[in-house]
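Chemist: Questions regarding the structure given below will be posed in turn.
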Amino acid sequence: MVLLPRHEQILQLAREHGRVGVEDLARRFDVTPQTIRKDLNDLCEQRLLSRIHGGAVLPSGIENMEYEARRDMAAGEKRAIGEAAAALIPNSASLFINIGTTTEAVSNALLDHEGLLVITNNINVANRMRVYPQIEVIIASGVVRGSDGGIVGEAAVDFFRQFRVDYAVIGVSAVDEDGSLFDFDFREVKVAQAIIENARHVIMVTDASKFERTAPVRIGHVSKVDTFITDHCPSERFRRICKDGNVELIETESP
């Protein structure tokens, strides 16, 4: 597939930021919004992007993006989310961390904490944190998913059920306006559910692009979460659901 140079740049921007907007792209490339809309329509016809109001996002549905591409997407937003989550977790706490690039950002922000017990099914998190002597890392048993280093399966579910920890840090692949949380792999969903059930305080971390994505497997509802941290919540309906469910909503993006 041969793409125009501008199309390639648009795709790269979408990978970095999770979404692209018509007006922003028109200013960046010094072309009319109509030209950008045609570009986006062409890319959507090739299933490289999916149209949303005012722009486009990377496609989703039954397939997830490559882990490295997700790590680069909205990297600045994830770093701020990670720092906000780490600020809620005191020294000498026990916590779960599940698979995900945003939860990985939380683990990076926790490296200066003392006396943590970290229990994870995320090989990337375990490998980074294990070298810090003030942090004890326990890694789940189960099937290692080659795409991202996540440990999944019934063995991992049973593993997490052995513990009762102070905090859980979880990420999700998609968030619906009605408060439903979704992922792509039913095996990871079972692990996430076990993590939520066995933590005293659940912190969900995700960037705003997850409100524009879809995934097929339901994890549960945001009302099961204690704190939800994102860069920006684009849905007033979701805000109301958080308020009604006593879920603390933290937005890291400056107003």
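A note on labels: chains of the structure tokens are A, B, ... as shown, every chain counts residues from 1, and ligands are counted from 1 in their shown order.
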List as a list in words the protein and nucleic acid residues near Phe160 (chain A), meaning an atom at most 10 Å away when only C-alpha atoms are counted, but skip any in the same chain fewer than 5 places from it.
Modeler: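 Answer for this query is Phe96, Ile119, Thr120, Asn121, Ile139, Ala140, Ser141, Ala155, Val165, Val191, Ala192, Gln193, Ala194, Ile195, Ile196, Glu197, Asn198 and Ala199 of chain A.
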Chemist: Let's see if you can do this: from backbone DSSP, list all alpha helix (DSSP H) residues in region 53-241 of chain A, as a PyMOL selection string.
Modeler: chain A and resi 67-72+75-88+101-109+123-129+154-160+186-197+236-241
Chemist: Mind dumping the selected residues with C-alpha atoms as a PDB file, in the first residue's frame?
Modeler:
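Contents of again32.pdb, as written:
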```pdb
ATOM      1  CA  TYR A  67       2.180  -2.661  22.394  1.00  0.00           C
ATOM      2  CA  GLU A  68       5.113  -0.481  21.333  1.00  0.00           C
ATOM      3  CA  ALA A  69       2.810   1.703  19.233  1.00  0.00           C
ATOM      4  CA  ARG A  70       0.463   2.103  22.212  1.00  0.00           C
ATOM      5  CA  ARG A  71       3.377   3.048  24.472  1.00  0.00           C
ATOM      6  CA  ASP A  72       4.270   5.950  22.161  1.00  0.00           C
ATOM      7  CA  ALA A  75       3.046   9.456  25.967  1.00  0.00           C
ATOM      8  CA  GLY A  76       2.961  12.862  27.673  1.00  0.00           C
ATOM      9  CA  GLU A  77      -0.607  12.360  28.862  1.00  0.00           C
ATOM     10  CA  LYS A  78       0.236   8.910  30.232  1.00  0.00           C
ATOM     11  CA  ARG A  79       3.256  10.271  32.077  1.00  0.00           C
ATOM     12  CA  ALA A  80       1.074  12.902  33.814  1.00  0.00           C
ATOM     13  CA  ILE A  81      -1.559  10.268  34.649  1.00  0.00           C
ATOM     14  CA  GLY A  82       1.166   8.031  36.055  1.00  0.00           C
ATOM     15  CA  GLU A  83       2.474  10.785  38.301  1.00  0.00           C
ATOM     16  CA  ALA A  84      -1.035  11.586  39.565  1.00  0.00           C
ATOM     17  CA  ALA A  85      -1.674   7.931  40.405  1.00  0.00           C
ATOM     18  CA  ALA A  86       1.692   7.510  42.126  1.00  0.00           C
ATOM     19  CA  ALA A  87       0.922  10.540  44.306  1.00  0.00           C
ATOM     20  CA  LEU A  88      -2.062   8.645  45.769  1.00  0.00           C
ATOM     21  CA  THR A 101       1.068   1.187  28.763  1.00  0.00           C
ATOM     22  CA  THR A 102      -0.644   3.626  31.151  1.00  0.00           C
ATOM     23  CA  THR A 103      -0.200   1.307  34.124  1.00  0.00           C
ATOM     24  CA  GLU A 104       3.429   1.015  33.036  1.00  0.00           C
ATOM     25  CA  ALA A 105       3.648   4.828  33.290  1.00  0.00           C
ATOM     26  CA  VAL A 106       2.366   4.551  36.868  1.00  0.00           C
ATOM     27  CA  SER A 107       5.094   2.023  37.675  1.00  0.00           C
ATOM     28  CA  ASN A 108       7.720   4.446  36.360  1.00  0.00           C
ATOM     29  CA  ALA A 109       6.385   7.168  38.663  1.00  0.00           C
ATOM     30  CA  ILE A 123       6.431  -8.466  32.573  1.00  0.00           C
ATOM     31  CA  ASN A 124       7.475  -4.960  31.512  1.00  0.00           C
ATOM     32  CA  VAL A 125       6.615  -3.570  34.955  1.00  0.00           C
ATOM     33  CA  ALA A 126       8.297  -6.458  36.778  1.00  0.00           C
ATOM     34  CA  ASN A 127      11.472  -6.123  34.748  1.00  0.00           C
ATOM     35  CA  ARG A 128      11.737  -2.384  35.369  1.00  0.00           C
ATOM     36  CA  MET A 129      10.911  -2.404  39.092  1.00  0.00           C
ATOM     37  CA  GLU A 154      -6.837 -19.190  34.804  1.00  0.00           C
ATOM     38  CA  ALA A 155      -3.530 -19.649  36.636  1.00  0.00           C
ATOM     39  CA  ALA A 156      -3.086 -15.870  36.721  1.00  0.00           C
ATOM     40  CA  VAL A 157      -6.657 -15.382  37.961  1.00  0.00           C
ATOM     41  CA  ASP A 158      -6.108 -17.891  40.787  1.00  0.00           C
ATOM     42  CA  PHE A 159      -2.780 -16.237  41.601  1.00  0.00           C
ATOM     43  CA  PHE A 160      -4.330 -12.800  42.210  1.00  0.00           C
ATOM     44  CA  PHE A 186     -11.319 -12.323  27.664  1.00  0.00           C
ATOM     45  CA  ARG A 187      -8.382 -13.899  29.527  1.00  0.00           C
ATOM     46  CA  GLU A 188      -7.083 -10.474  30.551  1.00  0.00           C
ATOM     47  CA  VAL A 189     -10.601  -9.429  31.530  1.00  0.00           C
ATOM     48  CA  LYS A 190     -10.781 -12.324  34.004  1.00  0.00           C
ATOM     49  CA  VAL A 191      -7.469 -11.197  35.507  1.00  0.00           C
ATOM     50  CA  ALA A 192      -8.639  -7.573  35.737  1.00  0.00           C
ATOM     51  CA  GLN A 193     -11.835  -8.676  37.493  1.00  0.00           C
ATOM     52  CA  ALA A 194      -9.836 -10.684  40.053  1.00  0.00           C
ATOM     53  CA  ILE A 195      -7.590  -7.664  40.640  1.00  0.00           C
ATOM     54  CA  ILE A 196     -10.570  -5.362  41.230  1.00  0.00           C
ATOM     55  CA  GLU A 197     -12.206  -7.834  43.626  1.00  0.00           C
ATOM     56  CA  GLU A 236     -20.593  14.830  30.800  1.00  0.00           C
ATOM     57  CA  ARG A 237     -22.681  11.686  31.138  1.00  0.00           C
ATOM     58  CA  PHE A 238     -19.640   9.769  32.364  1.00  0.00           C
ATOM     59  CA  ARG A 239     -18.841  12.579  34.812  1.00  0.00           C
ATOM     60  CA  ARG A 240     -22.307  12.282  36.307  1.00  0.00           C
ATOM     61  CA  ILE A 241     -21.965   8.520  36.605  1.00  0.00           C
TER      62      ILE A 241
END
```
Chemist: Using CA of Phe228 (chain A) and CA of His113 (chain A) as the two end points, give the distance in Å to one decimal.
Modeler: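 So the two atoms, CA of Phe228 (chain A) and CA of His113 (chain A), lie 21.2 Å apart.
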Chemist: Kindly give the distance, in Å, that separates CA of Asp39 (chain A) and CA of Pro234 (chain A), rounded to a single decimal.
Modeler: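 Computing the Euclidean distance for CA of Asp39 (chain A) and CA of Pro234 (chain A) yields 25.0 Å.
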Chemist: Select, from A:Gln162, A:Gln134, A:Asn98, A:Ser50, the residue with the minimum atom-to-atom distance to Gly150 (chain A), counting only C-alpha atoms.
Modeler: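 For Gly150 (chain A), the nearest of the candidates is A:Asn98.
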Chemist: From a DSSP pass on the backbone, collect the residues of region 34-170 of chain A flagged as strand (DSSP E or B) and hand them back as a PyMOL selection string.
Modeler: chain A and resi 50-52+55-57+94-97+116-120+122+135-139+143-144+150-152+165-170
Chemist: Counting only C-alpha atoms, which of A:Leu49, A:Met204, A:Ala26, A:Thr32 gets nearest to Leu11 (chain A)?
Modeler: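 Of A:Leu49, A:Met204, A:Ala26, A:Thr32, the one nearest Leu11 (chain A) is A:Leu49, counting only C-alpha atoms.
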Chemist: Determine, counting only C-alpha atoms, which protein, DNA and RNA residues have an atom within 12 Å of an atom of Ser180 (chain A); residues of the same chain fewer than 3 positions away are not included. Present the result as a CSV table (one decimal) with N, CA, C and O atoms, in the first residue's frame.
Modeler:
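This is the output file around.csv:
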```
chain,number,residue,atom,x,y,z
A,172,VAL,N,-7.6,-0.1,31.0
A,172,VAL,CA,-8.6,-0.7,30.2
A,172,VAL,C,-8.4,-0.2,28.7
A,172,VAL,O,-7.7,0.7,28.5
A,173,SER,N,-9.0,-1.0,27.8
A,173,SER,CA,-8.8,-0.6,26.4
A,173,SER,C,-9.9,0.3,25.8
A,173,SER,O,-9.6,1.0,24.8
A,174,ALA,N,-11.0,0.3,26.5
A,174,ALA,CA,-12.1,1.2,26.0
A,174,ALA,C,-13.1,1.5,27.1
A,174,ALA,O,-13.3,0.7,28.0
A,175,VAL,N,-13.6,2.7,27.1
A,175,VAL,CA,-14.5,3.2,28.1
A,175,VAL,C,-15.8,3.7,27.4
A,175,VAL,O,-15.7,4.5,26.4
A,176,ASP,N,-17.0,3.3,27.8
A,176,ASP,CA,-18.2,3.7,27.2
A,176,ASP,C,-18.8,4.8,28.1
A,176,ASP,O,-18.6,4.9,29.3
A,177,GLU,N,-19.6,5.7,27.4
A,177,GLU,CA,-20.2,6.8,28.2
A,177,GLU,C,-21.2,6.3,29.3
A,177,GLU,O,-21.4,7.0,30.2
A,183,ASP,N,-12.1,-4.6,27.3
A,183,ASP,CA,-10.8,-5.0,26.9
A,183,ASP,C,-11.0,-5.9,25.7
A,183,ASP,O,-12.1,-6.3,25.3
A,210,LYS,N,-9.4,6.5,25.0
A,210,LYS,CA,-10.1,5.3,25.3
A,210,LYS,C,-11.6,5.5,25.2
A,210,LYS,O,-12.4,4.6,25.1
A,211,PHE,N,-12.1,6.8,25.4
A,211,PHE,CA,-13.5,7.1,25.2
A,211,PHE,C,-13.9,7.0,23.7
A,211,PHE,O,-15.1,7.0,23.5
A,214,THR,N,-13.4,1.2,20.8
A,214,THR,CA,-14.3,0.1,21.2
A,214,THR,C,-13.5,-1.2,21.4
A,214,THR,O,-12.5,-1.4,20.8
A,215,ALA,N,-14.0,-2.1,22.3
A,215,ALA,CA,-13.4,-3.4,22.5
A,215,ALA,C,-14.5,-4.3,22.8
A,215,ALA,O,-15.6,-3.9,23.3
A,216,PRO,N,-14.4,-5.6,22.6
A,216,PRO,CA,-15.5,-6.5,22.6
A,216,PRO,C,-15.9,-7.2,24.0
A,216,PRO,O,-17.0,-7.7,24.1
A,217,VAL,N,-14.9,-7.2,24.9
A,217,VAL,CA,-15.1,-7.9,26.2
A,217,VAL,C,-15.3,-7.0,27.3
A,217,VAL,O,-14.5,-6.1,27.6
A,218,ARG,N,-16.4,-7.1,28.1
A,218,ARG,CA,-16.8,-6.2,29.2
A,218,ARG,C,-16.1,-6.7,30.4
A,218,ARG,O,-16.2,-7.8,30.9
A,219,ILE,N,-15.3,-5.7,31.0
A,219,ILE,CA,-14.7,-5.9,32.3
A,219,ILE,C,-15.7,-5.7,33.5
A,219,ILE,O,-15.8,-6.5,34.4
A,220,GLY,N,-16.4,-4.6,33.4
A,220,GLY,CA,-17.4,-4.3,34.4
A,220,GLY,C,-17.8,-2.8,34.3
A,220,GLY,O,-17.8,-2.3,33.2
A,221,HIS,N,-18.1,-2.2,35.4
A,221,HIS,CA,-18.6,-0.8,35.4
A,221,HIS,C,-17.7,0.1,36.3
A,221,HIS,O,-17.1,-0.4,37.2
A,222,VAL,N,-17.6,1.3,35.9
A,222,VAL,CA,-16.7,2.2,36.6
A,222,VAL,C,-17.1,2.4,38.1
A,222,VAL,O,-16.3,2.8,38.9
A,223,SER,N,-18.3,2.1,38.4
A,223,SER,CA,-18.8,2.2,39.8
A,223,SER,C,-18.0,1.2,40.7
A,223,SER,O,-18.0,1.4,42.0
A,224,LYS,N,-17.3,0.2,40.1
A,224,LYS,CA,-16.5,-0.7,40.9
A,224,LYS,C,-15.1,-0.1,41.2
A,224,LYS,O,-14.2,-0.7,41.9
A,225,VAL,N,-14.8,1.1,40.7
A,225,VAL,CA,-13.6,1.8,40.8
A,225,VAL,C,-13.7,2.9,41.9
A,225,VAL,O,-14.7,3.5,42.0
A,238,PHE,N,-20.6,10.6,31.6
A,238,PHE,CA,-19.6,9.8,32.4
A,238,PHE,C,-19.3,10.5,33.7
A,238,PHE,O,-19.2,9.9,34.7
A,241,ILE,N,-22.0,9.9,36.1
A,241,ILE,CA,-22.0,8.5,36.6
A,241,ILE,C,-20.9,8.4,37.7
A,241,ILE,O,-21.1,7.7,38.7
A,242,CYS,N,-19.7,9.0,37.5
A,242,CYS,CA,-18.7,9.0,38.5
A,242,CYS,C,-19.2,9.6,39.8
A,242,CYS,O,-19.0,9.1,40.9
```
Chemist: With only C-alpha atoms as the counted atoms, please give the residues lying no more than 12 Å from Glu8 (chain A), apart from itself and same-chain residues fewer than 4 positions off, as an NGL selection string.
Modeler: :A and (1-4 or 12-15 or 39-40 or 42-43 or 48-49)
Chemist: Emit the selected residues as a short mmCIF file (atom, residue, chain, number, x, y, z; two decimals), in the first residue's frame, including all heavy atoms.
Modeler:
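See result-v9.cif below for the written result:
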```
data_model
loop_
_atom_site.label_atom_id
_atom_site.label_comp_id
_atom_site.auth_asym_id
_atom_site.auth_seq_id
_atom_site.Cartn_x
_atom_site.Cartn_y
_atom_site.Cartn_z
N MET A 1 0.84 -1.18 0.00
CA MET A 1 0.00 0.00 0.00
C MET A 1 0.89 1.25 0.00
O MET A 1 1.73 1.43 0.87
CB MET A 1 -0.89 0.00 1.25
CG MET A 1 -1.86 1.17 1.32
SD MET A 1 -2.75 1.14 2.88
CE MET A 1 -3.52 -0.47 2.82
N VAL A 2 0.72 2.11 -1.02
CA VAL A 2 1.52 3.32 -1.13
C VAL A 2 0.68 4.50 -0.65
O VAL A 2 -0.44 4.72 -1.13
CB VAL A 2 1.98 3.54 -2.58
CG1 VAL A 2 2.77 4.84 -2.69
CG2 VAL A 2 2.80 2.37 -3.07
N LEU A 3 1.20 5.25 0.30
CA LEU A 3 0.48 6.39 0.86
C LEU A 3 1.14 7.69 0.44
O LEU A 3 2.36 7.75 0.24
CB LEU A 3 0.47 6.31 2.39
CG LEU A 3 -0.27 5.13 3.03
CD1 LEU A 3 -0.09 5.18 4.53
CD2 LEU A 3 -1.74 5.13 2.66
N LEU A 4 0.33 8.72 0.32
CA LEU A 4 0.88 10.05 0.10
C LEU A 4 1.68 10.47 1.34
O LEU A 4 1.37 10.07 2.46
CB LEU A 4 -0.25 11.05 -0.13
CG LEU A 4 -1.13 10.84 -1.37
CD1 LEU A 4 -2.28 11.83 -1.35
CD2 LEU A 4 -0.29 11.01 -2.63
N GLN A 12 1.09 8.95 11.46
CA GLN A 12 2.07 9.03 12.53
C GLN A 12 1.56 9.89 13.68
O GLN A 12 1.71 9.54 14.86
CB GLN A 12 3.39 9.59 12.01
CG GLN A 12 4.51 9.65 13.05
CD GLN A 12 4.82 8.29 13.66
OE1 GLN A 12 4.81 7.27 12.97
NE2 GLN A 12 5.09 8.27 14.96
N LEU A 13 0.89 10.99 13.36
CA LEU A 13 0.31 11.84 14.40
C LEU A 13 -0.78 11.10 15.17
O LEU A 13 -0.90 11.24 16.39
CB LEU A 13 -0.25 13.12 13.76
CG LEU A 13 0.78 14.13 13.25
CD1 LEU A 13 0.11 15.17 12.37
CD2 LEU A 13 1.50 14.80 14.41
N ALA A 14 -1.57 10.31 14.46
CA ALA A 14 -2.61 9.52 15.12
C ALA A 14 -2.00 8.50 16.07
O ALA A 14 -2.53 8.26 17.16
CB ALA A 14 -3.48 8.83 14.08
N ARG A 15 -0.89 7.89 15.67
CA ARG A 15 -0.22 6.91 16.55
C ARG A 15 0.33 7.58 17.80
O ARG A 15 0.33 7.01 18.89
CB ARG A 15 0.90 6.22 15.79
CG ARG A 15 0.42 5.33 14.64
CD ARG A 15 1.57 4.55 14.03
NE ARG A 15 1.16 3.85 12.82
CZ ARG A 15 1.48 4.22 11.59
NH1 ARG A 15 2.24 5.29 11.41
NH2 ARG A 15 1.06 3.54 10.55
N ASP A 39 -8.61 13.55 2.99
CA ASP A 39 -7.50 12.70 3.42
C ASP A 39 -7.97 11.67 4.44
O ASP A 39 -7.65 10.47 4.35
CB ASP A 39 -6.40 13.55 4.07
CG ASP A 39 -5.63 14.40 3.06
OD1 ASP A 39 -5.67 14.08 1.86
OD2 ASP A 39 -5.00 15.37 3.51
N LEU A 40 -8.74 12.13 5.43
CA LEU A 40 -9.20 11.22 6.48
C LEU A 40 -10.16 10.17 5.91
O LEU A 40 -10.10 9.00 6.29
CB LEU A 40 -9.88 12.01 7.60
CG LEU A 40 -8.98 12.98 8.38
CD1 LEU A 40 -9.78 13.66 9.48
CD2 LEU A 40 -7.77 12.29 8.95
N ASP A 42 -10.12 9.01 2.89
CA ASP A 42 -9.30 8.05 2.13
C ASP A 42 -8.64 7.05 3.07
O ASP A 42 -8.62 5.83 2.81
CB ASP A 42 -8.22 8.78 1.33
CG ASP A 42 -8.79 9.57 0.16
OD1 ASP A 42 -9.96 9.32 -0.22
OD2 ASP A 42 -8.08 10.45 -0.36
N LEU A 43 -8.11 7.54 4.19
CA LEU A 43 -7.45 6.66 5.16
C LEU A 43 -8.46 5.73 5.84
O LEU A 43 -8.13 4.58 6.14
CB LEU A 43 -6.70 7.49 6.19
CG LEU A 43 -5.46 8.23 5.66
CD1 LEU A 43 -4.98 9.26 6.67
CD2 LEU A 43 -4.35 7.24 5.34
N LEU A 48 -7.28 2.36 7.86
CA LEU A 48 -6.12 2.79 8.63
C LEU A 48 -6.52 3.73 9.77
O LEU A 48 -5.79 3.87 10.75
CB LEU A 48 -5.09 3.46 7.72
CG LEU A 48 -4.51 2.57 6.62
CD1 LEU A 48 -3.65 3.38 5.66
CD2 LEU A 48 -3.72 1.42 7.22
N LEU A 49 -7.67 4.40 9.61
CA LEU A 49 -8.23 5.26 10.65
C LEU A 49 -9.73 5.01 10.72
O LEU A 49 -10.31 4.43 9.81
CB LEU A 49 -7.96 6.74 10.34
CG LEU A 49 -6.53 7.26 10.43
CD1 LEU A 49 -6.48 8.72 10.00
CD2 LEU A 49 -5.95 7.09 11.81
#
```
